[in-house]
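Visitor: Dumping the structure here so I can ask a few things about it.
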Amino acid sequence: MLLSGNFNGKIDHKNMGIKNIHTFLNTLRHHAGAIWLENDLIKLLVPPVLQNQVTKDLISNHREQLISLLKENNIFSKAQFLNVIILKDSSISNYPLSAAQERLWFIEQYEQGTNAYHIPMALELAEGINIEGIKYALSGIVERHEVLRSTIEQDQQQQGIQVVQNKPLEIEQIQVSHPEDLETLLTTDINRPFNLAAEYPIRVSLYHITGSLRSVLLITTHHIAGDGWSVGIFQKELIAGYEAFIAGDENFKLPPLAIQYKDFAIWQRNYLSSEVLENQLQYWKGKLSGFQTLSLPLDFPRPATINYLGAGADFLFDADTSDRLRKLVKEQGTTLHNVLITAFYILLGKYSGQNDITVGSPIANRHYSQLQELIGVFVNTQANRVILNESDHFIDLLRQVHKEQIIAQSNQDLPFERLLNELEVIRDPSRHPIFQAMFVVQNFGKDQRTAKERERYFKPFQGSVSFEVEKFDLSVFIDDSEQEISGRFNYASSLFKKETIEQMVQHFILLVDRLISKPDRPYQQVSLLGRDEFEHILQDFGGALQPAPQNETLHAVLTKHALQYPEQPALLFAENHLSYQELDQKSNSLARTIREKYLKLSGQALSPDTLIPICMDRGTEMITAILAVLKAGAAYVPVDPAYPQHRIDYILADTNAQIVLSQKHITQAYPILLPEEKIVLPEHHDHESTAPLPEYSAPESLAYVIYTSGTTGKPKG
C-alpha cells in the first residue's frame with residue numbers, strides 16, 4: 001500500500017474524512033474507541049461519533065489488512081491497542097519522510113549541499129582501546145536503527161521517500177603522519193556535505209596518529225537522521241556493543257526496538273491528516289496571530305539569503321548566581337529554562353525596543369514510550385511568544401511564561417513546518433520564519449554514571465575544530481551540568497560583530513543577576529548597564545546639552561553642517577560611510593525624484609504632511625531616504641520588511657501611500673509585498689541635480705508617523 005497525501009499541503013478542514021486504516025485507528029483512539037484481534041476475529045469498541053456507514057465500509061473493505069496489521073503489532077486486547085500508539089505496517093512499499101525530514105531535505109536541495117545541519121561527534125579514544133570492538137559496536141548501531149542506513153529518493157510525484165539499504169557501514173581509517181594536521185583533517189571532514197540520495201546520513205572516520213596509540217573517532221550525522229537526544233542513545237549503545245565485544249559475548253543483543261523511524265513517519269503523516277490535530281492547530285494559530293519579526297540592531301546589512309556563517313561567545317554564571325537561580329526555580333516550582341528564557345525576552349525587548357517577542361525552543365517530542373530508545377529526528381521547534389508590559393514585575397512574567405509553557409507542551413505534536421503553512425507565513429530567505437532567536441537549556445552531563453562509563457573508553461576531542469554555523473540571528477545555549485551554570489551565545493557573524501555579542505552577553509549576565517535579586521519590581525526599571533559602562537557614557541557623552549534649533553528644520557541644519565564640514569564623516573554603517581556633503585547631495589537628489597514621482601502618480605504636487613512609507617533595511621540608504629522625504633516636504637512612515645503581509649497592506653492603505661521607498665533586494669525577495677508601480681528604489685533613481693531644494697516644510701510640520709501594534713489587532717499610527 002502506498003500512502004498518499006502532500007505533507008506540505010494544508011489541512012482540509014471541510015473534508016477530514018478517514019482516508020485509510022491508519023487515520024481510522026488514530027481517530028478511533030482519539031474518541032476513546034478500540035480495536036483488537038481475538039481468535040482471528042476483529043473486536044471493536046466504536047464510539048457513537050464513528051457509528052456510521054463509513055466505518056462499516058472501511059472495516060469491511062480492509063478486513064484482511066486490519067487483521068494483518070493487528071497481528072504484526074501483537075494487539076490482542078483493548079489494553080494492548082491503547083498502549084501501542086505507533087504501528088508497524090510491512091504492507092507499505094514506500095515510506096514517506098517525516099515533517100522535519102521533509103523540511104531538511106528541501107533545504108539540502110535548495111542549498112545544493114550544506115553543513116548547516118550536521119551533528120558532529122569527535123571522540124578521543126582511550127589508549128589501547130580495541131578498534132575492532134569499536135567498529136563492531138558502530139556497525140551494530142547502524143544495523144539496529146534503519147534511519148541511519150536509509151537514502152532519500154524521489155517518487156513519481158517528486159515527493160521524498162526514505163529507502164532502507166542493507167549494505168554495511170563503511171568506516172574510513174586514516175593514518176595521520178603529522179599530528180598538527182589532525183584538526184584541519186577533522187574540520188574538513190565535519191564540514192563536507194552529504195549526498196543524501198547516494199550515501200548514508202552517517203559518516204564515520206577513524207583517525208590514527210602514526211607512531212602513537214592515539215586515535216580519534218569522528219562520527220558526523222546529518223540532522224535528517226538524528227537529534228540531540230539521539231546522540232545520547234548512540235553513545236549508550238556504542239558502549240554496550242563495545243563491552244559485549246571485549247567480553248566475548250556472542251549472544252549480545254539489545255532489547256528489540258518497538259518500531260523504526262519509518263513507522264513514526266507514516267504515523268505522523270496520518271496523524272496530521274486526521275481531526276486529532278485540529279485543536280492543536282487552533283491553539284497555535286491563536287497564540288501566534290499577528291506576531292512581530294524580531295528586529296535587533298545589526299552591525300552589518302542583512303544578506304539577501306541566510307549564509308549560515310556563525311561564531312560564539314561563552315559565558316559563566318558564578319557559583320552565587322547559579323545557586324540563586326536554582327533557589328528561585330525551586331521556590332516557584334518551575335524550570336531553569338523558564339527563568340532564563342524570561343530574562344532573555346526582557347533582554348531582547350530592551351535591545352530591539354519591541355514588546356512583542358517570539359523566541360524558539362527545541363522540544364524532544366518523545367512523549368510516546370515507543371520513541372524513547374529510537375534514533376531519529378523527532379525534535380520539534382516550539383515558538384514561544386510573550387507581550388512585554390513595562391509595568392509588570394519579573395516574577396509575574398515568569399509565572400505567565402511557566403503557565404504558557406505547560407499549555408504549549410500539551411500541544412507539541414503539530415510540526416513547525418505544518419504551522420508555517422497554516423499561518424501562510426511569507427518565506428524570507430534572509431531570516432528564519434516566525435522567530436529569529438533560539439533559546440536552549442541542556443544538561444547532558446546530569447547522568448554521572450553514564451558520563452563515567454564514557455570516560456573509560458572515550459572523551460570529547462579537546463582540539464580546535466572549526467564548525468561554526470548559525471541558522472538564526474542569535475542562539476543561546478545554557479548548560480546546567482556543572483555547579484556553575486554556563487552558556488554560549490551563538491550568532492550570525494554576517495550580522496553582528498564579536499564585540500557586540502560580547503557586550504550583549506555581559507548585559508545578559510547583569511540583567512539576570514538584577515532580576516533574580518529583586519524579582520518583584522517592574523523589569524523595565526532594570527538597567528543593562530554596569531557601573532563602568534554607565535560612567536563611560538557619562539564621560540564620553542555627558543557634555544553640556546546644546547539647545548535644539550527652534551526655527552530650523554532638521555534637514556536645514558544638516559545642509560548648514562555640510563557646508564561647514566563637507567568632508568567630515570556623517571554616517572558609518574558596517575563598511576559603508578558617507579561624508580556630510582555626500583549625505584546632503586544624495587538626499588537632495590532623491591528628494592527631487594520623490595516629488596517628481598509623486599506628481600506623476602497622483603497628478604498633484606506633494607504637500608506638507610503627506611505620508612511616505614519607507615520599507616528598507618537599516619543602513620546608510622535608510623537614513624538618506626528619511627532625509628530625502630523630509631526635504632521633499634513629506635513625513636516618513638517606517639515599515640519593517642519583516643512585517644507580515646497583512647500588516648504592510650494595512651499601513652499602505654491607512655497612509656494612502658502614493659509612493660513607497662524600498663530596496664531592490666527587498667522587492668526581489670518579496671515580489672508581492674509592495675505595489676510595483678509605487679516603488680522608488682534610491683539606487684536606481686539618481687537625479688542629475690544635487691543642489692539644495694526650496695523649503696517645502698516648516699519646523700512645525702509633521703516629520704514621521706510610527707505604527708504600533710494596536711490592541712484591536714490592527715496597527716495604530
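How things are named: the first chain in the C-alpha cells is A, the next is B, and so on; residues count from 1 in each chain; ligands count from 1 in the order shown.
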Using DSSP on the backbone coordinates, identify the residues of range 297-440 of chain A assigned to helix (DSSP H, G or I); present them as a VMD selection string.
Guide: chain A and resid 319 to 332 336 to 352 369 to 371 394 to 409 416 to 423
Visitor: Kindly provide the residues of range 565-657 of chain A that approach range 431-441 of chain A to within 12 Å, each paired with its closest atom pair and their distance in Å to one decimal, based on only C-alpha atoms, listed by chain and increasing number, as a tab-separated table.
Guide:
residue	atom	partner	partner_atom	distance
A:Pro641	CA	A:Arg431	CA	11.2
A:Ala642	CA	A:Arg431	CA	8.9
A:Tyr643	CA	A:Ile434	CA	10.3
A:Pro644	CA	A:Ile434	CA	9.8
Visitor: At a cut-off of 9 Å, using only C-alpha atoms, what residues contact Ser150 in chain A? Leave out same-chain residues fewer than 6 positions from it and give the result as a PyMOL selection string.
Guide: chain A and resi 162-166+196-197+199-201+225
Visitor: Quote the spacing between CA of Leu125 in chain A and CA of Phe458 in chain A in Å to one decimal place.
Guide: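 Spanning CA of Leu125 in chain A to CA of Phe458 in chain A is a straight-line distance of 4.4 Å.
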Visitor: Would you pick out the contacts of Lys135 in chain A at 9 Å or less, using only C-alpha atoms, so that residues sharing its chain but fewer than 5 positions from it are not included, and give the list as a list in words?
Guide: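 Once the nearby chain positions are removed, what remains is Asn130, Gly140, Ile171 and Tyr242 of chain A.
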Visitor: Go ahead and dump the residues you just picked, N, CA and C atoms, as a JSON list (two decimals), in the first residue's frame.
Guide:
[["chain", "number", "residue", "atom", "x", "y", "z"],
["A", 130, "ASN", "N", 40.26, -1.33, 21.93],
["A", 130, "ASN", "CA", 40.16, -2.33, 20.88],
["A", 130, "ASN", "C", 39.39, -1.73, 19.69],
["A", 140, "GLY", "N", 26.79, -2.38, 14.57],
["A", 140, "GLY", "CA", 25.57, -2.85, 15.22],
["A", 140, "GLY", "C", 24.53, -1.76, 15.37],
["A", 171, "ILE", "N", 33.52, 2.33, 7.33],
["A", 171, "ILE", "CA", 34.29, 3.07, 8.34],
["A", 171, "ILE", "C", 35.67, 3.35, 7.75],
["A", 242, "TYR", "N", 30.47, -2.27, 22.51],
["A", 242, "TYR", "CA", 31.92, -2.44, 22.71],
["A", 242, "TYR", "C", 32.20, -3.39, 23.88]]
Visitor: Which residues are near Gln268 in chain A? Cut-off 9 Å, only C-alpha atoms, ignore same chain within fewer than 3 positions. Put them as an MDAnalysis selection string.
Guide: chainID A and resid 86 98:99 263:265 271:273 413
Visitor: Expressed in Å to a single decimal, how great is the separation between CA of Glu64 in chain A and CA of Phe76 in chain A?
Guide: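 Separating CA of Glu64 in chain A from CA of Phe76 in chain A is a distance of 15.5 Å.
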Visitor: Nearest to Leu474 in chain A: which of A:Ile85, A:Val386, A:Leu374, A:Ala311 is it, counting only C-alpha atoms?
Guide: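 Once distances to Leu474 in chain A are computed over only C-alpha atoms, the minimum belongs to A:Ala311.
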Visitor: Within 10 Å of His62 in chain A, counting only C-alpha atoms, which residues show up once you throw out same-chain ones fewer than 6 positions away? Write them as a PyMOL selection string, please.
Guide: chain A and resi 20-21+68
Visitor: What lies within 9 Å of range 285-299 of chain A using only C-alpha atoms, ignoring chain neighbours under 5 positions off, as a PyMOL selection string?
Guide: chain A and resi 280+348+351-354+356-359+383-385+419+422-423+433-437+473+494-497+500+573-574+618+640+642-644+646-647+709+713-714
Visitor: Output C-alpha atoms of each residue in that selection to a file, as an mmCIF file, in the first residue's frame.
Guide:
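Writing the result to result_15.cif gives the following:
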data_model
loop_
_atom_site.group_PDB
_atom_site.id
_atom_site.type_symbol
_atom_site.label_atom_id
_atom_site.label_comp_id
_atom_site.auth_asym_id
_atom_site.auth_seq_id
_atom_site.Cartn_x
_atom_site.Cartn_y
_atom_site.Cartn_z
ATOM 1 C CA GLN A 280 -3.556 21.971 18.481
ATOM 2 C CA LEU A 348 15.625 41.208 23.528
ATOM 3 C CA TYR A 351 17.752 45.708 22.625
ATOM 4 C CA SER A 352 15.034 45.820 19.952
ATOM 5 C CA GLY A 353 12.625 48.311 21.510
ATOM 6 C CA GLN A 354 9.815 45.822 20.792
ATOM 7 C CA ASP A 356 6.105 41.580 21.121
ATOM 8 C CA ILE A 357 8.853 38.949 21.319
ATOM 9 C CA THR A 358 8.909 35.420 19.895
ATOM 10 C CA VAL A 359 11.747 33.005 20.677
ATOM 11 C CA ALA A 383 7.585 29.187 19.105
ATOM 12 C CA ASN A 384 7.348 30.962 22.478
ATOM 13 C CA ARG A 385 5.671 34.366 22.306
ATOM 14 C CA LEU A 419 2.418 25.539 11.325
ATOM 15 C CA GLU A 422 -1.180 27.016 8.088
ATOM 16 C CA LEU A 423 -0.192 30.553 9.128
ATOM 17 C CA PRO A 433 10.473 32.301 9.799
ATOM 18 C CA ILE A 434 8.427 33.413 12.858
ATOM 19 C CA PHE A 435 11.385 33.686 15.238
ATOM 20 C CA GLN A 436 14.992 34.763 14.737
ATOM 21 C CA ALA A 437 16.346 33.873 18.187
ATOM 22 C CA ASP A 473 20.269 35.625 14.125
ATOM 23 C CA SER A 494 27.326 38.177 8.884
ATOM 24 C CA LEU A 495 25.031 40.313 11.089
ATOM 25 C CA PHE A 496 26.962 41.040 14.287
ATOM 26 C CA LYS A 497 30.484 41.914 15.337
ATOM 27 C CA THR A 500 28.578 43.476 20.035
ATOM 28 C CA PHE A 573 27.410 51.540 8.947
ATOM 29 C CA ALA A 574 29.427 48.342 8.540
ATOM 30 C CA ARG A 618 18.730 49.632 8.459
ATOM 31 C CA ASP A 640 9.846 46.863 8.594
ATOM 32 C CA ALA A 642 9.823 41.623 8.047
ATOM 33 C CA TYR A 643 6.260 42.687 8.883
ATOM 34 C CA PRO A 644 3.533 40.207 7.857
ATOM 35 C CA HIS A 646 -1.451 41.965 6.101
ATOM 36 C CA ARG A 647 0.285 44.498 8.369
ATOM 37 C CA SER A 709 0.704 47.025 17.498
ATOM 38 C CA GLY A 713 -5.211 43.646 16.232
ATOM 39 C CA LYS A 714 -4.790 46.489 13.728
#
Visitor: Quick check for you: according to DSSP on this backbone, which residues of range 31-144 of chain A are classed as strand (DSSP E)? Reply as a PyMOL selection string.
Guide: chain A and resi 34-38+41-45+95-96+118-125
Visitor: Between CA of Val637 in chain A and CA of Glu676 in chain A, what distance in Å does the model show, to one decimal?
Guide: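 Value for the CA of Val637 in chain A-CA of Glu676 in chain A distance: 18.1 Å.
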Visitor: Between A:Ile648, A:Leu347, A:Val142, A:Ile306, which one has atoms that come closest to Ala492 in chain A, using only C-alpha atoms?
Guide: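 Smallest distance to Ala492 in chain A is found for A:Ile306.
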Visitor: Please tabulate, as CSV, the residues of range 60-118 of chain A that come within 12 Å of range 156-159 of chain A, each with its closest pair of atoms and the distance in Å to one decimal, counting only C-alpha atoms and ordering rows by chain, then residue number upward.
Guide:
residue,atom,partner,partner_atom,distance
A:Asn94,CA,A:Gln159,CA,10.6
A:Tyr95,CA,A:Gln159,CA,10.6
A:Pro96,CA,A:Gln159,CA,8.0
A:Leu97,CA,A:Gln159,CA,8.7
A:Ser98,CA,A:Gln159,CA,11.6
A:Gln101,CA,A:Gln159,CA,11.8
A:Glu102,CA,A:Gln159,CA,9.0
A:Arg103,CA,A:Gln159,CA,11.9
A:Trp105,CA,A:Gln159,CA,10.4
A:Phe106,CA,A:Gln159,CA,10.4
Visitor: Keeping only N, CA and C atoms, take the residues you just selected and write them out as a PDB file, in the first residue's frame.
Guide:
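result.pdb written:
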ATOM      1  N   ASN A  94       6.393   2.247   0.021  1.00  0.00           N
ATOM      2  CA  ASN A  94       7.208   3.461   0.038  1.00  0.00           C
ATOM      3  C   ASN A  94       6.990   4.198   1.353  1.00  0.00           C
ATOM      4  N   TYR A  95       8.079   4.482   2.035  1.00  0.00           N
ATOM      5  CA  TYR A  95       7.985   5.150   3.329  1.00  0.00           C
ATOM      6  C   TYR A  95       8.219   6.647   3.148  1.00  0.00           C
ATOM      7  N   PRO A  96       7.269   7.474   3.553  1.00  0.00           N
ATOM      8  CA  PRO A  96       7.424   8.920   3.371  1.00  0.00           C
ATOM      9  C   PRO A  96       8.438   9.493   4.350  1.00  0.00           C
ATOM     10  N   LEU A  97       8.786  10.748   4.140  1.00  0.00           N
ATOM     11  CA  LEU A  97       9.613  11.481   5.093  1.00  0.00           C
ATOM     12  C   LEU A  97       8.720  12.038   6.186  1.00  0.00           C
ATOM     13  N   SER A  98       9.277  12.204   7.365  1.00  0.00           N
ATOM     14  CA  SER A  98       8.545  12.909   8.416  1.00  0.00           C
ATOM     15  C   SER A  98       8.520  14.391   8.078  1.00  0.00           C
ATOM     16  N   GLN A 101      11.990  15.846   8.465  1.00  0.00           N
ATOM     17  CA  GLN A 101      12.862  15.367   7.394  1.00  0.00           C
ATOM     18  C   GLN A 101      12.572  16.073   6.082  1.00  0.00           C
ATOM     19  N   GLU A 102      11.307  16.300   5.799  1.00  0.00           N
ATOM     20  CA  GLU A 102      10.934  16.932   4.537  1.00  0.00           C
ATOM     21  C   GLU A 102      11.486  18.352   4.453  1.00  0.00           C
ATOM     22  N   ARG A 103      11.425  19.070   5.570  1.00  0.00           N
ATOM     23  CA  ARG A 103      11.975  20.429   5.615  1.00  0.00           C
ATOM     24  C   ARG A 103      13.492  20.400   5.411  1.00  0.00           C
ATOM     25  N   TRP A 105      15.278  18.071   3.976  1.00  0.00           N
ATOM     26  CA  TRP A 105      15.571  17.614   2.614  1.00  0.00           C
ATOM     27  C   TRP A 105      15.403  18.761   1.615  1.00  0.00           C
ATOM     28  N   PHE A 106      14.365  19.569   1.823  1.00  0.00           N
ATOM     29  CA  PHE A 106      14.160  20.736   0.960  1.00  0.00           C
ATOM     30  C   PHE A 106      15.356  21.682   1.055  1.00  0.00           C
TER      31      PHE A 106
END
